[in-house]
file coords-v2.txt (compact mmCIF, C-alpha atoms)
# COMPACT_ATOMS: atom_id res chain seq x y z
CA MET A 949 6.95 -31.13 45.84
CA LYS A 950 7.49 -27.49 44.82
CA LYS A 951 11.24 -28.03 45.10
CA ARG A 952 11.11 -30.91 42.59
CA ILE A 953 9.19 -28.78 40.11
CA TRP A 954 11.70 -25.95 40.47
CA ASP A 955 14.57 -28.43 40.09
CA LYS A 956 13.06 -29.65 36.82
CA TYR A 957 12.62 -26.08 35.56
CA ALA A 958 16.17 -25.22 36.59
CA ALA A 959 17.54 -28.31 34.83
CA PHE A 960 15.51 -27.48 31.72
CA PHE A 961 16.73 -23.88 31.57
CA MET A 962 20.32 -24.88 32.28
CA GLY A 963 20.18 -27.43 29.45
CA ALA A 964 18.63 -24.89 27.09
CA GLY A 965 21.29 -22.36 28.05
CA ALA A 966 24.05 -24.89 27.41
CA ILE A 967 22.61 -25.67 23.98
CA LEU A 968 22.44 -21.95 23.13
CA LEU A 969 26.05 -21.44 24.21
CA LEU A 970 27.18 -24.45 22.17
CA ASN A 971 25.37 -23.13 19.08
CA ARG A 972 26.90 -19.67 19.57
CA TYR A 973 30.37 -21.27 19.86
CA LYS A 974 29.80 -23.27 16.65
CA GLN A 975 28.67 -20.14 14.78
CA LYS A 976 31.67 -18.17 15.99
CA LYS A 977 34.03 -20.98 14.98
CA ALA A 978 32.42 -21.18 11.51
CA ASN A 979 32.74 -17.41 11.08
CA ASN A 980 36.43 -17.53 12.05
CA THR A 981 37.06 -20.29 9.49
CA LYS A 982 35.27 -18.27 6.81
CA GLY A 983 37.27 -15.16 7.73
CA ASN A 984 40.47 -17.19 7.68
CA LYS A 985 39.57 -18.52 4.24
CA TYR A 986 39.15 -15.03 2.84
CA PHE A 987 42.37 -13.87 4.44
CA LEU A 988 44.21 -16.81 2.85
CA TYR A 989 42.63 -16.04 -0.54
CA TYR A 990 43.68 -12.40 -0.20
CA ASP A 991 47.22 -13.45 0.73
CA VAL A 992 47.54 -15.74 -2.29
CA LEU A 993 46.12 -13.16 -4.70
CA ASN A 994 48.33 -10.41 -3.26
CA LYS A 995 51.50 -12.51 -3.63
CA TRP A 996 50.39 -13.56 -7.12
CA MET A 997 50.03 -9.93 -8.19
CA LYS A 998 53.39 -8.96 -6.66
CA GLN A 999 55.08 -11.69 -8.67
CA LYS A 1000 53.26 -10.64 -11.85
CA GLU A 1001 54.47 -7.08 -11.25
CA GLN A 1002 58.01 -8.45 -11.11
CA GLY A 1003 57.46 -10.30 -14.39
CA ILE A 1004 57.31 -13.74 -12.79
CA SER A 1005 54.53 -15.94 -14.14
CA VAL A 1006 53.04 -19.13 -12.74
CA ALA A 1007 53.88 -20.85 -16.02
CA GLU A 1008 57.57 -19.97 -15.73
CA LYS A 1009 57.68 -21.31 -12.18
CA LEU A 1010 56.09 -24.57 -13.31
CA GLU A 1011 58.35 -24.89 -16.35
CA ARG A 1012 61.41 -24.54 -14.10
CA GLN A 1013 60.13 -27.61 -12.25
CA ASN A 1014 59.71 -29.46 -15.57
CA ILE A 1015 55.92 -29.32 -15.25
CA HIS A 1016 54.14 -28.88 -18.59
CA GLU A 1017 50.75 -30.53 -18.10
CA VAL A 1018 48.62 -29.97 -14.99
CA ALA A 1019 45.25 -30.64 -13.45
CA ILE A 1020 43.61 -28.06 -11.20
CA TYR A 1021 41.76 -29.20 -8.11
CA GLY A 1022 39.06 -26.74 -7.09
CA MET A 1023 37.34 -24.56 -9.65
CA GLY A 1024 36.26 -21.69 -7.45
CA ASP A 1025 37.62 -18.22 -8.07
CA LEU A 1026 41.29 -19.12 -7.55
CA GLY A 1027 40.99 -22.13 -9.86
CA LYS A 1028 39.35 -20.06 -12.59
CA HIS A 1029 42.05 -17.37 -12.33
CA LEU A 1030 44.74 -20.03 -12.59
CA VAL A 1031 43.14 -21.60 -15.67
CA TYR A 1032 42.96 -18.16 -17.27
CA GLU A 1033 46.61 -17.41 -16.50
CA LEU A 1034 47.80 -20.73 -17.91
CA THR A 1035 45.58 -20.61 -21.01
CA ASN A 1036 48.05 -18.59 -23.11
CA ALA A 1037 51.16 -20.18 -21.60
CA LYS A 1038 53.14 -23.26 -22.47
CA ILE A 1039 51.45 -25.13 -19.61
CA THR A 1040 48.49 -27.29 -20.59
CA VAL A 1041 45.59 -27.56 -18.17
CA LYS A 1042 44.49 -31.08 -19.02
CA TYR A 1043 41.46 -31.26 -16.72
CA ALA A 1044 39.87 -30.02 -13.51
CA ILE A 1045 38.97 -31.87 -10.35
CA ASP A 1046 35.94 -30.63 -8.47
CA ARG A 1047 32.98 -31.91 -6.48
CA SER A 1048 30.70 -30.42 -9.16
CA PHE A 1049 30.71 -31.63 -12.75
CA PHE A 1050 29.49 -28.19 -13.81
CA ALA A 1051 32.43 -26.28 -12.39
CA VAL A 1052 34.00 -25.36 -15.74
CA SER A 1053 32.60 -25.70 -19.23
CA ASP A 1054 35.89 -25.62 -21.20
CA LEU A 1055 37.64 -28.41 -19.29
CA ASP A 1056 36.83 -32.00 -18.52
CA VAL A 1057 35.87 -32.11 -14.86
CA TYR A 1058 36.51 -35.18 -12.74
CA LEU A 1059 35.07 -35.92 -9.34
CA PRO A 1060 37.75 -36.35 -6.65
CA ASP A 1061 37.00 -40.09 -6.36
CA SER A 1062 37.30 -40.70 -10.13
CA GLU A 1063 40.22 -42.36 -11.84
CA LEU A 1064 42.40 -39.43 -12.87
CA PRO A 1065 44.45 -39.19 -16.09
CA ASN A 1066 48.22 -38.73 -15.78
CA VAL A 1067 49.62 -35.20 -15.53
CA ASP A 1068 52.94 -33.70 -14.45
CA ALA A 1069 51.33 -32.11 -11.34
CA ILE A 1070 48.03 -31.34 -9.67
CA ILE A 1071 47.59 -27.82 -8.30
CA VAL A 1072 45.13 -27.60 -5.40
CA THR A 1073 43.34 -24.26 -5.08
CA ALA A 1074 41.18 -25.26 -2.08
CA ILE A 1075 43.62 -23.75 0.40
CA LEU A 1076 41.96 -24.70 3.69
CA ASP A 1077 41.48 -28.33 2.65
CA TYR A 1078 44.88 -28.82 1.03
CA GLU A 1079 46.27 -31.34 3.53
CA SER A 1080 43.28 -33.70 3.37
CA ILE A 1081 43.02 -33.34 -0.41
CA ARG A 1082 46.74 -34.09 -0.81
CA SER A 1083 46.43 -37.11 1.47
CA ASN A 1084 43.53 -38.48 -0.59
CA LEU A 1085 45.19 -37.79 -3.94
CA GLU A 1086 48.47 -39.42 -2.91
CA GLN A 1087 46.59 -42.71 -2.80
CA LYS A 1088 45.56 -42.29 -6.45
CA VAL A 1089 48.23 -40.42 -8.41
CA PHE A 1090 52.00 -40.50 -8.80
CA CYS A 1091 52.76 -36.85 -9.48
CA PRO A 1092 53.50 -33.81 -7.32
CA ILE A 1093 50.47 -32.32 -5.59
CA LEU A 1094 51.06 -28.60 -5.15
CA SER A 1095 49.14 -26.03 -3.16
CA ILE A 1096 48.47 -22.81 -5.03
CA ALA A 1097 49.65 -20.99 -1.88
CA ASP A 1098 53.04 -22.71 -2.12
CA LEU A 1099 53.50 -21.38 -5.66
CA PHE A 1100 53.61 -17.86 -4.26
CA ASN A 1101 55.33 -18.29 -0.89
CA THR A 1102 58.67 -17.01 -2.15
CA ILE A 1103 59.31 -14.14 -4.49
CA GLU A 1104 62.06 -15.04 -6.91
CA THR A 1105 64.47 -12.49 -8.23

call {"tool": "encode", "arguments": {"input": "coords-v2.txt", "output": "C-alpha cells"}}
result
Amino acid sequence: MKKRIWDKYAAFFMGAGAILLLNRYKQKKANNTKGNKYFLYYDVLNKWMKQKEQGISVAEKLERQNIHEVAIYGMGDLGKHLVYELTNAKITVKYAIDRSFFAVSDLDVYLPDSELPNVDAIIVTAILDYESIRSNLEQKVFCPILSIADLFNTIET
C-alpha cells in the first residue's frame, strides 16, 4: 500500500518536472528567436548605413530594377525607416501592409488578407517571417516580393 502511494507521488513529481523542463525549453527557444531577430535587425541597419556612407540609396537600387511604386509590408521600426528614406525619393510608397490598421497615419494600411492594389514591388520588413509572408503574397499579387535584407546583401561599387 505504501509503495503505491510513493509510486503516485513519484509519478506526480516526475510529470511536474517534465512540464517545468518543457516550459524552460520553450522560454529559451523564444529568447533565442528574439535575440536572432535583433541580430538580423542590426545586420540590416548596419549594411544600410554602410551603403548610405558609400552614396548608395535604396531608391537608386529600386530604380535600377525599374521599380517606381512600392508597398511596404511591416510597419515596425524598419518599415518606418524605409518609408522615411523613400519619402523624398523618386519611389512612391503607395500603401503599407500590416496586421494593425493603426500602423502608420500617413499611408493607407491594408491587412495582409485584403485585396491589394497593384504596385511594382512589395518590400517585406518582417525579416523572420519573410518566407511565409512571401508564400502568402504570391497567391495574391503579381509583382516581385523583396525582403528588406536582400536589398542590402551586396554592396555595390

call {"tool": "closest_residue", "arguments": {"input": "coords-v2.txt", "among": "A:Val1072, A:Leu1099, A:Ala1019, A:Phe987", "to": "A:Gln999", "atoms": "all atoms listed in the file"}}
result
A:Leu1099

call {"tool": "closest_residue", "arguments": {"input": "coords-v2.txt", "among": "A:Pro1060, A:Gly1027, A:Pro1092, A:Pro1065", "to": "A:Arg1047", "atoms": "only C-alpha atoms"}}
result
A:Pro1060

call {"tool": "atom_distance", "arguments": {"input": "coords-v2.txt", "atom1": "atom CA of A:Glu1011", "atom2": "atom CA of A:Ile1039"}}
result
7.6 Å

call {"tool": "closest_residue", "arguments": {"input": "coords-v2.txt", "among": "A:Thr1035, A:Asn984, A:Asn994, A:Asn1066", "to": "A:Phe1100", "atoms": "all atoms listed in the file"}}
result
A:Asn994

call {"tool": "residues_around", "arguments": {"input": "coords-v2.txt", "residues": "A:His1016", "least_positions_apart": "4", "cutoff": "12 Å", "atoms": "all atoms listed in the file", "output": "ChimeraX atom specification"}}
result
/A:1006-1012,1034,1037-1042,1066-1070

call {"tool": "residues_around", "arguments": {"input": "coords-v2.txt", "residues": "A:Asp1098", "least_positions_apart": "5", "cutoff": "12 Å", "atoms": "all atoms listed in the file", "output": "list of chain:residue names"}}
result
A:Leu988, A:Asp991, A:Val992, A:Lys995, A:Trp996, A:Val1006, A:Lys1009, A:Leu1010, A:Ile1071, A:Val1072, A:Thr1073, A:Ile1075, A:Tyr1078, A:Ile1093, A:Ile1103

call {"tool": "atom_distance", "arguments": {"input": "coords-v2.txt", "atom1": "atom CA of A:Lys998", "atom2": "atom CA of A:Asn1014"}}
result
23.2 Å

call {"tool": "atom_distance", "arguments": {"input": "coords-v2.txt", "atom1": "atom CA of A:Ile1020", "atom2": "atom CA of A:Ser1095"}}
result
10.0 Å

call {"tool": "residues_near_point", "arguments": {"input": "coords-v2.txt", "point": "(36.9, -37.3, -11.6)", "cutoff": "10 Å", "atoms": "only C-alpha atoms", "output": "list of chain:residue names"}}
result
A:Tyr1043, A:Ala1044, A:Ile1045, A:Asp1046, A:Arg1047, A:Ser1048, A:Phe1049, A:Asp1056, A:Val1057, A:Tyr1058, A:Leu1059, A:Pro1060, A:Asp1061, A:Ser1062, A:Glu1063, A:Leu1064, A:Pro1065

call {"tool": "closest_residue", "arguments": {"input": "coords-v2.txt", "among": "A:Gln1013, A:Tyr1021, A:Tyr1032, A:Asn1101", "to": "A:Arg1082", "atoms": "only C-alpha atoms"}}
result
A:Tyr1021

call {"tool": "decode", "arguments": {"input": "coords-v2.txt", "residues": "stretch 1057-1071 of chain A", "atoms": "all heavy atoms", "output": "PDB file, in the first residue's frame"}}
result
ATOM      1  N   VAL A1057      -3.270  51.689 -44.926  1.00  0.00           N
ATOM      2  CA  VAL A1057      -2.760  50.435 -44.388  1.00  0.00           C
ATOM      3  C   VAL A1057      -3.771  49.338 -44.689  1.00  0.00           C
ATOM      4  O   VAL A1057      -4.951  49.464 -44.377  1.00  0.00           O
ATOM      5  CB  VAL A1057      -2.509  50.517 -42.865  1.00  0.00           C
ATOM      6  CG1 VAL A1057      -1.989  49.195 -42.323  1.00  0.00           C
ATOM      7  CG2 VAL A1057      -1.540  51.644 -42.544  1.00  0.00           C
ATOM      8  N   TYR A1058      -3.270  48.274 -45.311  1.00  0.00           N
ATOM      9  CA  TYR A1058      -4.104  47.125 -45.649  1.00  0.00           C
ATOM     10  C   TYR A1058      -3.725  45.954 -44.758  1.00  0.00           C
ATOM     11  O   TYR A1058      -2.546  45.753 -44.460  1.00  0.00           O
ATOM     12  CB  TYR A1058      -3.897  46.720 -47.118  1.00  0.00           C
ATOM     13  CG  TYR A1058      -4.449  47.716 -48.098  1.00  0.00           C
ATOM     14  CD1 TYR A1058      -3.714  48.838 -48.469  1.00  0.00           C
ATOM     15  CD2 TYR A1058      -5.705  47.537 -48.660  1.00  0.00           C
ATOM     16  CE1 TYR A1058      -4.215  49.752 -49.373  1.00  0.00           C
ATOM     17  CE2 TYR A1058      -6.221  48.451 -49.569  1.00  0.00           C
ATOM     18  CZ  TYR A1058      -5.469  49.557 -49.916  1.00  0.00           C
ATOM     19  OH  TYR A1058      -5.980  50.469 -50.809  1.00  0.00           O
ATOM     20  N   LEU A1059      -4.728  45.187 -44.378  1.00  0.00           N
ATOM     21  CA  LEU A1059      -4.451  43.937 -43.687  1.00  0.00           C
ATOM     22  C   LEU A1059      -3.877  42.941 -44.687  1.00  0.00           C
ATOM     23  O   LEU A1059      -4.203  43.012 -45.882  1.00  0.00           O
ATOM     24  CB  LEU A1059      -5.729  43.384 -43.059  1.00  0.00           C
ATOM     25  CG  LEU A1059      -6.285  44.181 -41.876  1.00  0.00           C
ATOM     26  CD1 LEU A1059      -7.654  43.651 -41.473  1.00  0.00           C
ATOM     27  CD2 LEU A1059      -5.325  44.108 -40.695  1.00  0.00           C
ATOM     28  N   PRO A1060      -3.062  41.998 -44.240  1.00  0.00           N
ATOM     29  CA  PRO A1060      -2.444  41.043 -45.170  1.00  0.00           C
ATOM     30  C   PRO A1060      -3.447  40.252 -46.012  1.00  0.00           C
ATOM     31  O   PRO A1060      -3.144  39.886 -47.143  1.00  0.00           O
ATOM     32  CB  PRO A1060      -1.658  40.109 -44.245  1.00  0.00           C
ATOM     33  CG  PRO A1060      -1.370  40.925 -43.042  1.00  0.00           C
ATOM     34  CD  PRO A1060      -2.553  41.842 -42.877  1.00  0.00           C
ATOM     35  N   ASP A1061      -4.649  40.009 -45.492  1.00  0.00           N
ATOM     36  CA  ASP A1061      -5.639  39.231 -46.231  1.00  0.00           C
ATOM     37  C   ASP A1061      -6.499  40.072 -47.160  1.00  0.00           C
ATOM     38  O   ASP A1061      -7.358  39.535 -47.862  1.00  0.00           O
ATOM     39  CB  ASP A1061      -6.537  38.460 -45.254  1.00  0.00           C
ATOM     40  CG  ASP A1061      -5.753  37.421 -44.477  1.00  0.00           C
ATOM     41  OD1 ASP A1061      -4.741  36.926 -45.005  1.00  0.00           O
ATOM     42  OD2 ASP A1061      -6.156  37.100 -43.338  1.00  0.00           O
ATOM     43  N   SER A1062      -6.284  41.391 -47.177  1.00  0.00           N
ATOM     44  CA  SER A1062      -7.078  42.285 -48.027  1.00  0.00           C
ATOM     45  C   SER A1062      -6.692  42.137 -49.487  1.00  0.00           C
ATOM     46  O   SER A1062      -5.610  41.639 -49.816  1.00  0.00           O
ATOM     47  CB  SER A1062      -6.851  43.747 -47.621  1.00  0.00           C
ATOM     48  OG  SER A1062      -7.181  43.952 -46.279  1.00  0.00           O
ATOM     49  N   GLU A1063      -7.574  42.633 -50.352  1.00  0.00           N
ATOM     50  CA  GLU A1063      -7.201  42.757 -51.766  1.00  0.00           C
ATOM     51  C   GLU A1063      -6.247  43.937 -51.866  1.00  0.00           C
ATOM     52  O   GLU A1063      -6.536  45.029 -51.388  1.00  0.00           O
ATOM     53  CB  GLU A1063      -8.440  42.998 -52.613  1.00  0.00           C
ATOM     54  CG  GLU A1063      -8.169  42.961 -54.087  1.00  0.00           C
ATOM     55  CD  GLU A1063      -9.438  43.004 -54.912  1.00  0.00           C
ATOM     56  OE1 GLU A1063     -10.435  42.394 -54.516  1.00  0.00           O
ATOM     57  OE2 GLU A1063      -9.408  43.683 -55.961  1.00  0.00           O
ATOM     58  N   LEU A1064      -5.098  43.707 -52.493  1.00  0.00           N
ATOM     59  CA  LEU A1064      -4.039  44.714 -52.504  1.00  0.00           C
ATOM     60  C   LEU A1064      -3.949  45.400 -53.867  1.00  0.00           C
ATOM     61  O   LEU A1064      -3.956  44.724 -54.895  1.00  0.00           O
ATOM     62  CB  LEU A1064      -2.698  44.056 -52.163  1.00  0.00           C
ATOM     63  CG  LEU A1064      -2.649  43.330 -50.818  1.00  0.00           C
ATOM     64  CD1 LEU A1064      -1.347  42.559 -50.674  1.00  0.00           C
ATOM     65  CD2 LEU A1064      -2.838  44.306 -49.674  1.00  0.00           C
ATOM     66  N   PRO A1065      -3.844  46.733 -53.873  1.00  0.00           N
ATOM     67  CA  PRO A1065      -3.667  47.462 -55.140  1.00  0.00           C
ATOM     68  C   PRO A1065      -2.350  47.083 -55.816  1.00  0.00           C
ATOM     69  O   PRO A1065      -1.396  46.641 -55.162  1.00  0.00           O
ATOM     70  CB  PRO A1065      -3.645  48.934 -54.708  1.00  0.00           C
ATOM     71  CG  PRO A1065      -4.293  48.962 -53.368  1.00  0.00           C
ATOM     72  CD  PRO A1065      -3.969  47.646 -52.733  1.00  0.00           C
ATOM     73  N   ASN A1066      -2.289  47.276 -57.110  1.00  0.00           N
ATOM     74  CA  ASN A1066      -1.084  46.968 -57.886  1.00  0.00           C
ATOM     75  C   ASN A1066       0.056  47.928 -57.558  1.00  0.00           C
ATOM     76  O   ASN A1066      -0.161  49.133 -57.421  1.00  0.00           O
ATOM     77  CB  ASN A1066      -1.376  47.037 -59.385  1.00  0.00           C
ATOM     78  CG  ASN A1066      -2.306  45.936 -59.827  1.00  0.00           C
ATOM     79  OD1 ASN A1066      -2.356  44.868 -59.232  1.00  0.00           O
ATOM     80  ND2 ASN A1066      -3.058  46.196 -60.884  1.00  0.00           N
ATOM     81  N   VAL A1067       1.247  47.364 -57.449  1.00  0.00           N
ATOM     82  CA  VAL A1067       2.489  48.131 -57.277  1.00  0.00           C
ATOM     83  C   VAL A1067       3.576  47.411 -58.064  1.00  0.00           C
ATOM     84  O   VAL A1067       3.385  46.285 -58.518  1.00  0.00           O
ATOM     85  CB  VAL A1067       2.894  48.256 -55.782  1.00  0.00           C
ATOM     86  CG1 VAL A1067       1.962  49.177 -55.025  1.00  0.00           C
ATOM     87  CG2 VAL A1067       2.967  46.896 -55.109  1.00  0.00           C
ATOM     88  N   ASP A1068       4.718  48.073 -58.214  1.00  0.00           N
ATOM     89  CA  ASP A1068       5.849  47.453 -58.909  1.00  0.00           C
ATOM     90  C   ASP A1068       6.532  46.387 -58.055  1.00  0.00           C
ATOM     91  O   ASP A1068       7.133  45.454 -58.584  1.00  0.00           O
ATOM     92  CB  ASP A1068       6.879  48.506 -59.319  1.00  0.00           C
ATOM     93  CG  ASP A1068       6.311  49.505 -60.313  1.00  0.00           C
ATOM     94  OD1 ASP A1068       5.418  49.130 -61.098  1.00  0.00           O
ATOM     95  OD2 ASP A1068       6.765  50.668 -60.292  1.00  0.00           O
ATOM     96  N   ALA A1069       6.480  46.535 -56.713  1.00  0.00           N
ATOM     97  CA  ALA A1069       7.094  45.560 -55.804  1.00  0.00           C
ATOM     98  C   ALA A1069       6.551  45.766 -54.401  1.00  0.00           C
ATOM     99  O   ALA A1069       6.097  46.859 -54.053  1.00  0.00           O
ATOM    100  CB  ALA A1069       8.611  45.697 -55.791  1.00  0.00           C
ATOM    101  N   ILE A1070       6.621  44.703 -53.619  1.00  0.00           N
ATOM    102  CA  ILE A1070       6.313  44.776 -52.188  1.00  0.00           C
ATOM    103  C   ILE A1070       7.606  44.473 -51.450  1.00  0.00           C
ATOM    104  O   ILE A1070       8.283  43.483 -51.743  1.00  0.00           O
ATOM    105  CB  ILE A1070       5.214  43.772 -51.789  1.00  0.00           C
ATOM    106  CG1 ILE A1070       3.901  44.124 -52.492  1.00  0.00           C
ATOM    107  CG2 ILE A1070       5.030  43.747 -50.267  1.00  0.00           C
ATOM    108  CD1 ILE A1070       2.791  43.113 -52.281  1.00  0.00           C
ATOM    109  N   ILE A1071       7.963  45.340 -50.508  1.00  0.00           N
ATOM    110  CA  ILE A1071       9.173  45.149 -49.708  1.00  0.00           C
ATOM    111  C   ILE A1071       8.741  44.703 -48.311  1.00  0.00           C
ATOM    112  O   ILE A1071       8.009  45.408 -47.624  1.00  0.00           O
ATOM    113  CB  ILE A1071      10.014  46.435 -49.625  1.00  0.00           C
ATOM    114  CG1 ILE A1071      10.381  46.911 -51.029  1.00  0.00           C
ATOM    115  CG2 ILE A1071      11.264  46.198 -48.772  1.00  0.00           C
ATOM    116  CD1 ILE A1071      11.022  48.278 -51.066  1.00  0.00           C
TER     117      ILE A1071
END
